[in-house]
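Heads up, structure.cif below (mmCIF, C-alpha atoms):
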```
data_data
#
loop_
_atom_site.label_atom_id
_atom_site.label_comp_id
_atom_site.auth_asym_id
_atom_site.auth_seq_id
_atom_site.Cartn_x
_atom_site.Cartn_y
_atom_site.Cartn_z
CA MET E 1 59.27 16.54 -20.78
CA ASN E 2 61.42 13.39 -20.78
CA THR E 3 64.81 13.66 -19.18
CA LYS E 4 67.33 10.89 -19.11
CA ALA E 5 69.53 10.24 -16.14
CA THR E 6 73.15 10.19 -17.18
CA VAL E 7 75.71 7.96 -15.61
CA THR E 8 79.12 9.40 -14.96
CA GLU E 9 81.60 7.25 -16.79
CA ILE E 10 84.97 6.55 -15.24
CA PRO E 11 87.80 6.93 -17.78
CA ALA E 12 89.65 3.77 -18.81
CA ASN E 13 93.00 4.77 -17.30
CA THR E 14 91.70 5.27 -13.77
CA CYS E 15 93.32 3.99 -10.58
CA ALA E 16 91.88 0.58 -9.66
CA CYS E 17 91.81 1.30 -5.91
CA GLY E 18 88.18 2.34 -6.24
CA ASN E 19 88.49 5.43 -4.07
CA CYS E 20 90.50 8.13 -5.79
CA HIS E 21 89.42 7.91 -9.46
CA GLN E 22 92.71 9.54 -10.49
CA GLN E 23 94.26 9.05 -13.89
CA VAL E 24 97.14 6.58 -14.22
CA GLY E 25 99.49 5.76 -17.07
CA THR E 26 98.44 3.50 -19.89
CA LYS E 27 100.26 0.48 -18.42
CA ALA E 28 99.59 1.19 -14.73
CA MET E 29 96.65 -0.09 -12.71
CA TYR E 30 97.22 1.95 -9.54
CA LYS E 31 98.72 5.22 -8.43
CA PRO E 32 101.85 4.58 -6.29
CA GLY E 33 100.77 3.05 -2.95
CA HIS E 34 97.15 2.63 -3.93
CA ASP E 35 97.47 -1.13 -4.37
CA ALA E 36 98.10 -1.44 -0.63
CA ALA E 37 95.29 1.02 0.02
CA HIS E 38 92.91 -1.23 -1.95
CA VAL E 39 93.92 -4.20 0.23
CA SER E 40 93.38 -2.08 3.37
CA TYR E 41 89.98 -0.99 2.10
CA LEU E 42 88.91 -4.63 1.71
CA LEU E 43 90.29 -5.49 5.16
CA ARG E 44 88.20 -2.67 6.65
CA ALA E 45 85.16 -4.22 4.99
CA LEU E 46 85.94 -7.51 6.80
CA ALA E 47 86.45 -5.71 10.11
CA ASN E 48 83.12 -3.93 9.62
CA SER E 49 81.46 -7.30 9.02
CA TYR E 50 82.73 -8.46 12.40
CA ALA E 51 81.54 -5.24 14.02
CA ASP E 52 78.08 -5.76 12.52
CA GLY E 53 77.95 -9.31 13.87
CA GLN E 54 78.11 -10.96 10.46
CA PRO E 55 80.13 -14.16 10.06
CA VAL E 56 83.32 -13.97 8.01
CA THR E 57 83.93 -17.18 6.10
CA LYS E 58 86.51 -18.31 3.58
CA ALA E 59 83.92 -17.70 0.89
CA THR E 60 83.56 -14.09 2.06
CA ILE E 61 87.33 -13.61 1.98
CA ASN E 62 87.67 -15.25 -1.45
CA GLY E 63 84.83 -13.13 -2.80
CA LEU E 64 86.55 -9.94 -1.70
CA ALA E 65 89.90 -11.19 -3.01
CA LYS E 66 88.41 -11.53 -6.49
CA GLU E 67 88.10 -7.74 -6.59
CA LEU E 68 91.89 -7.48 -6.71
CA PRO E 69 93.46 -7.58 -10.18
CA SER E 70 96.57 -9.68 -9.54
CA GLU E 71 97.48 -12.91 -7.81
CA PRO E 72 100.16 -11.30 -5.56
CA LEU E 73 97.64 -8.75 -4.28
CA ARG E 74 95.05 -11.48 -3.68
CA ASN E 75 97.65 -13.45 -1.72
CA LYS E 76 98.58 -10.37 0.31
CA PHE E 77 94.92 -9.75 1.11
CA GLN E 78 94.25 -13.39 2.04
CA ARG E 79 97.25 -13.49 4.40
CA ALA E 80 96.14 -10.25 6.07
CA ALA E 81 92.55 -11.51 6.28
CA ALA E 82 93.75 -14.73 7.92
CA ARG E 83 95.60 -12.64 10.54
CA LEU E 84 92.46 -10.55 11.11
CA VAL E 85 90.31 -13.66 11.55
CA ALA E 86 92.83 -15.23 13.95
CA LYS E 87 92.99 -12.03 15.99
CA HIS E 88 89.20 -11.81 16.14
CA GLU E 89 88.89 -15.46 17.22
CA ALA E 90 91.56 -14.98 19.91
CA ASN E 91 89.70 -11.94 21.25
CA ALA E 92 86.42 -13.87 21.20
CA LYS E 93 87.97 -16.70 23.27
CA GLU E 94 89.35 -14.24 25.82
CA THR E 95 85.94 -12.71 26.40
CA GLU E 96 84.26 -16.09 26.99
#
```
Structure rendered as structure tokens:
Amino acid sequence: MNTKATVTEIPANTCACGNCHQQVGTKAMYKPGHDAAHVSYLLRALANSYADGQPVTKATINGLAKELPSEPLRNKFQRAAARLVAKHEANAKETE
């Protein structure tokens, strides 16, 4: 008997945060507040990279920023990522 695996399709009008999969209006990309949650989710991914001992480069940050749908959100993420990198580097210098 052949059985096909089916992939669950996400409806077109779904929140772009990537976590909630809730329906949004036809012109909306996010549920209220979920744009900031998407930025925070990507920042946690950077923090986890540091915790795992992986280097965080500008290319890493730019790659994650491309996941965001608008230029203002990408700028917000890049500013927050720069603060995270600076904080990590300051902590690394203190422990030396």
Problem set entry | Selection under test: the PyMOL selection byres ((chain E and resi 40) around 12); residues as a ChimeraX atom specification | /E:17-19,33-39,41-47,64-65,68,73-74,76-78,80-81,84
For this session: Record the distance separating CA of Tyr30 (chain E) and CA of Ala12 (chain E), expressed in Å with one decimal.
Result: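 Taking CA of Tyr30 (chain E) as the start and CA of Ala12 (chain E) as the end point, the length is 12.1 Å.
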For this session: Can you give me, as a list in words, the residues this file yields under the PyMOL selection byres ((chain E and resi 26) around 10)?
Result: Ala12, Asn13, Thr14, Gln23, Val24, Gly25, Lys27, Ala28 and Met29 of chain E
For this session: Work out how far apart CA of Pro69 (chain E) and CA of Gln54 (chain E) are and give it in Å to one decimal.
Result: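 Pair CA of Pro69 (chain E) / CA of Gln54 (chain E) returns 25.9 Å.
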Problem set entry | Interatomic distance, CA of Lys66 (chain E) to CA of Ala16 (chain E) (Å, one decimal) | 13.0 Å
Exercise. In terms of the shortest atom-to-atom distance over only C-alpha atoms, which of E:Ser49, E:Ile61, E:His21, E:Cys15 is closest to Arg83 (chain E)?
Worked result: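 Comparing E:Ser49, E:Ile61, E:His21, E:Cys15 against Arg83 (chain E), the winner is E:Ile61.
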Problem set entry | Which residue of E:Tyr50, E:Pro32, E:Ser70, E:Cys20 approaches His88 (chain E) most closely, using only C-alpha atoms |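 Smallest distance to His88 (chain E) is found for E:Tyr50.
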All heavy atoms of region 20-31 of chain E from block above, as a PDB file, in the first residue's frame:
```
ATOM      1  N   CYS E  20       3.307  31.920  15.655  1.00  0.00           N
ATOM      2  CA  CYS E  20       1.920  31.750  16.082  1.00  0.00           C
ATOM      3  C   CYS E  20       1.020  31.127  15.018  1.00  0.00           C
ATOM      4  O   CYS E  20       0.051  30.471  15.348  1.00  0.00           O
ATOM      5  CB  CYS E  20       1.342  33.089  16.523  1.00  0.00           C
ATOM      6  SG  CYS E  20       1.048  34.249  15.169  1.00  0.00           S
ATOM      7  N   HIS E  21       1.293  31.348  13.763  1.00  0.00           N
ATOM      8  CA  HIS E  21       0.492  30.840  12.643  1.00  0.00           C
ATOM      9  C   HIS E  21      -0.973  31.261  12.748  1.00  0.00           C
ATOM     10  O   HIS E  21      -1.863  30.542  12.332  1.00  0.00           O
ATOM     11  CB  HIS E  21       0.588  29.311  12.528  1.00  0.00           C
ATOM     12  CG  HIS E  21       1.984  28.825  12.367  1.00  0.00           C
ATOM     13  ND1 HIS E  21       2.755  29.103  11.257  1.00  0.00           N
ATOM     14  CD2 HIS E  21       2.766  28.095  13.185  1.00  0.00           C
ATOM     15  CE1 HIS E  21       3.931  28.549  11.401  1.00  0.00           C
ATOM     16  NE2 HIS E  21       3.979  27.946  12.563  1.00  0.00           N
ATOM     17  N   GLN E  22      -1.230  32.453  13.299  1.00  0.00           N
ATOM     18  CA  GLN E  22      -2.592  32.960  13.410  1.00  0.00           C
ATOM     19  C   GLN E  22      -2.962  33.725  12.155  1.00  0.00           C
ATOM     20  O   GLN E  22      -2.112  34.275  11.470  1.00  0.00           O
ATOM     21  CB  GLN E  22      -2.724  33.870  14.627  1.00  0.00           C
ATOM     22  CG  GLN E  22      -2.533  33.155  15.939  1.00  0.00           C
ATOM     23  CD  GLN E  22      -2.641  34.106  17.115  1.00  0.00           C
ATOM     24  OE1 GLN E  22      -2.978  35.276  16.968  1.00  0.00           O
ATOM     25  NE2 GLN E  22      -2.354  33.605  18.306  1.00  0.00           N
ATOM     26  N   GLN E  23      -4.239  33.776  11.872  1.00  0.00           N
ATOM     27  CA  GLN E  23      -4.729  34.506  10.714  1.00  0.00           C
ATOM     28  C   GLN E  23      -4.611  36.008  10.958  1.00  0.00           C
ATOM     29  O   GLN E  23      -4.789  36.484  12.079  1.00  0.00           O
ATOM     30  CB  GLN E  23      -6.192  34.155  10.448  1.00  0.00           C
ATOM     31  CG  GLN E  23      -6.415  32.732  10.005  1.00  0.00           C
ATOM     32  CD  GLN E  23      -5.822  32.461   8.642  1.00  0.00           C
ATOM     33  OE1 GLN E  23      -4.869  31.729   8.546  1.00  0.00           O
ATOM     34  NE2 GLN E  23      -6.359  33.061   7.616  1.00  0.00           N
ATOM     35  N   VAL E  24      -4.284  36.744   9.897  1.00  0.00           N
ATOM     36  CA  VAL E  24      -4.251  38.202   9.933  1.00  0.00           C
ATOM     37  C   VAL E  24      -5.137  38.718   8.806  1.00  0.00           C
ATOM     38  O   VAL E  24      -5.551  37.962   7.929  1.00  0.00           O
ATOM     39  CB  VAL E  24      -2.816  38.756   9.792  1.00  0.00           C
ATOM     40  CG1 VAL E  24      -1.963  38.351  10.976  1.00  0.00           C
ATOM     41  CG2 VAL E  24      -2.179  38.307   8.501  1.00  0.00           C
ATOM     42  N   GLY E  25      -5.379  40.012   8.794  1.00  0.00           N
ATOM     43  CA  GLY E  25      -6.175  40.616   7.733  1.00  0.00           C
ATOM     44  C   GLY E  25      -5.477  40.520   6.393  1.00  0.00           C
ATOM     45  O   GLY E  25      -4.291  40.187   6.299  1.00  0.00           O
ATOM     46  N   THR E  26      -6.197  40.852   5.351  1.00  0.00           N
ATOM     47  CA  THR E  26      -5.649  40.701   4.005  1.00  0.00           C
ATOM     48  C   THR E  26      -4.488  41.647   3.736  1.00  0.00           C
ATOM     49  O   THR E  26      -3.619  41.344   2.926  1.00  0.00           O
ATOM     50  CB  THR E  26      -6.737  40.933   2.945  1.00  0.00           C
ATOM     51  OG1 THR E  26      -7.323  42.224   3.158  1.00  0.00           O
ATOM     52  CG2 THR E  26      -7.798  39.859   3.020  1.00  0.00           C
ATOM     53  N   LYS E  27      -4.441  42.800   4.415  1.00  0.00           N
ATOM     54  CA  LYS E  27      -3.355  43.759   4.196  1.00  0.00           C
ATOM     55  C   LYS E  27      -2.288  43.706   5.282  1.00  0.00           C
ATOM     56  O   LYS E  27      -1.264  44.348   5.161  1.00  0.00           O
ATOM     57  CB  LYS E  27      -3.920  45.178   4.113  1.00  0.00           C
ATOM     58  CG  LYS E  27      -4.805  45.382   2.903  1.00  0.00           C
ATOM     59  CD  LYS E  27      -5.290  46.808   2.821  1.00  0.00           C
ATOM     60  CE  LYS E  27      -6.176  46.980   1.607  1.00  0.00           C
ATOM     61  NZ  LYS E  27      -6.648  48.360   1.495  1.00  0.00           N
ATOM     62  N   ALA E  28      -2.519  42.952   6.331  1.00  0.00           N
ATOM     63  CA  ALA E  28      -1.578  42.887   7.453  1.00  0.00           C
ATOM     64  C   ALA E  28      -0.557  41.779   7.246  1.00  0.00           C
ATOM     65  O   ALA E  28      -0.823  40.783   6.581  1.00  0.00           O
ATOM     66  CB  ALA E  28      -2.330  42.646   8.759  1.00  0.00           C
ATOM     67  N   MET E  29       0.628  41.973   7.806  1.00  0.00           N
ATOM     68  CA  MET E  29       1.650  40.934   7.781  1.00  0.00           C
ATOM     69  C   MET E  29       1.790  40.259   9.139  1.00  0.00           C
ATOM     70  O   MET E  29       2.211  39.117   9.224  1.00  0.00           O
ATOM     71  CB  MET E  29       2.995  41.530   7.366  1.00  0.00           C
ATOM     72  CG  MET E  29       3.000  42.000   5.937  1.00  0.00           C
ATOM     73  SD  MET E  29       4.642  42.320   5.344  1.00  0.00           S
ATOM     74  CE  MET E  29       5.266  40.678   5.219  1.00  0.00           C
ATOM     75  N   TYR E  30       1.508  41.015  10.206  1.00  0.00           N
ATOM     76  CA  TYR E  30       1.684  40.528  11.569  1.00  0.00           C
ATOM     77  C   TYR E  30       0.429  40.802  12.390  1.00  0.00           C
ATOM     78  O   TYR E  30      -0.321  41.731  12.116  1.00  0.00           O
ATOM     79  CB  TYR E  30       2.834  41.267  12.258  1.00  0.00           C
ATOM     80  CG  TYR E  30       4.200  40.990  11.711  1.00  0.00           C
ATOM     81  CD1 TYR E  30       4.838  41.903  10.875  1.00  0.00           C
ATOM     82  CD2 TYR E  30       4.880  39.833  12.051  1.00  0.00           C
ATOM     83  CE1 TYR E  30       6.103  41.655  10.383  1.00  0.00           C
ATOM     84  CE2 TYR E  30       6.145  39.576  11.570  1.00  0.00           C
ATOM     85  CZ  TYR E  30       6.760  40.494  10.741  1.00  0.00           C
ATOM     86  OH  TYR E  30       8.020  40.242  10.260  1.00  0.00           O
ATOM     87  N   LYS E  31       0.253  39.993  13.437  1.00  0.00           N
ATOM     88  CA  LYS E  31      -0.696  40.334  14.484  1.00  0.00           C
ATOM     89  C   LYS E  31      -0.072  41.500  15.257  1.00  0.00           C
ATOM     90  O   LYS E  31       1.147  41.683  15.233  1.00  0.00           O
ATOM     91  CB  LYS E  31      -0.906  39.147  15.435  1.00  0.00           C
ATOM     92  CG  LYS E  31      -1.532  37.920  14.811  1.00  0.00           C
ATOM     93  CD  LYS E  31      -2.966  38.117  14.457  1.00  0.00           C
ATOM     94  CE  LYS E  31      -3.860  37.875  15.642  1.00  0.00           C
ATOM     95  NZ  LYS E  31      -5.270  38.021  15.328  1.00  0.00           N
TER      96      LYS E  31
END
```
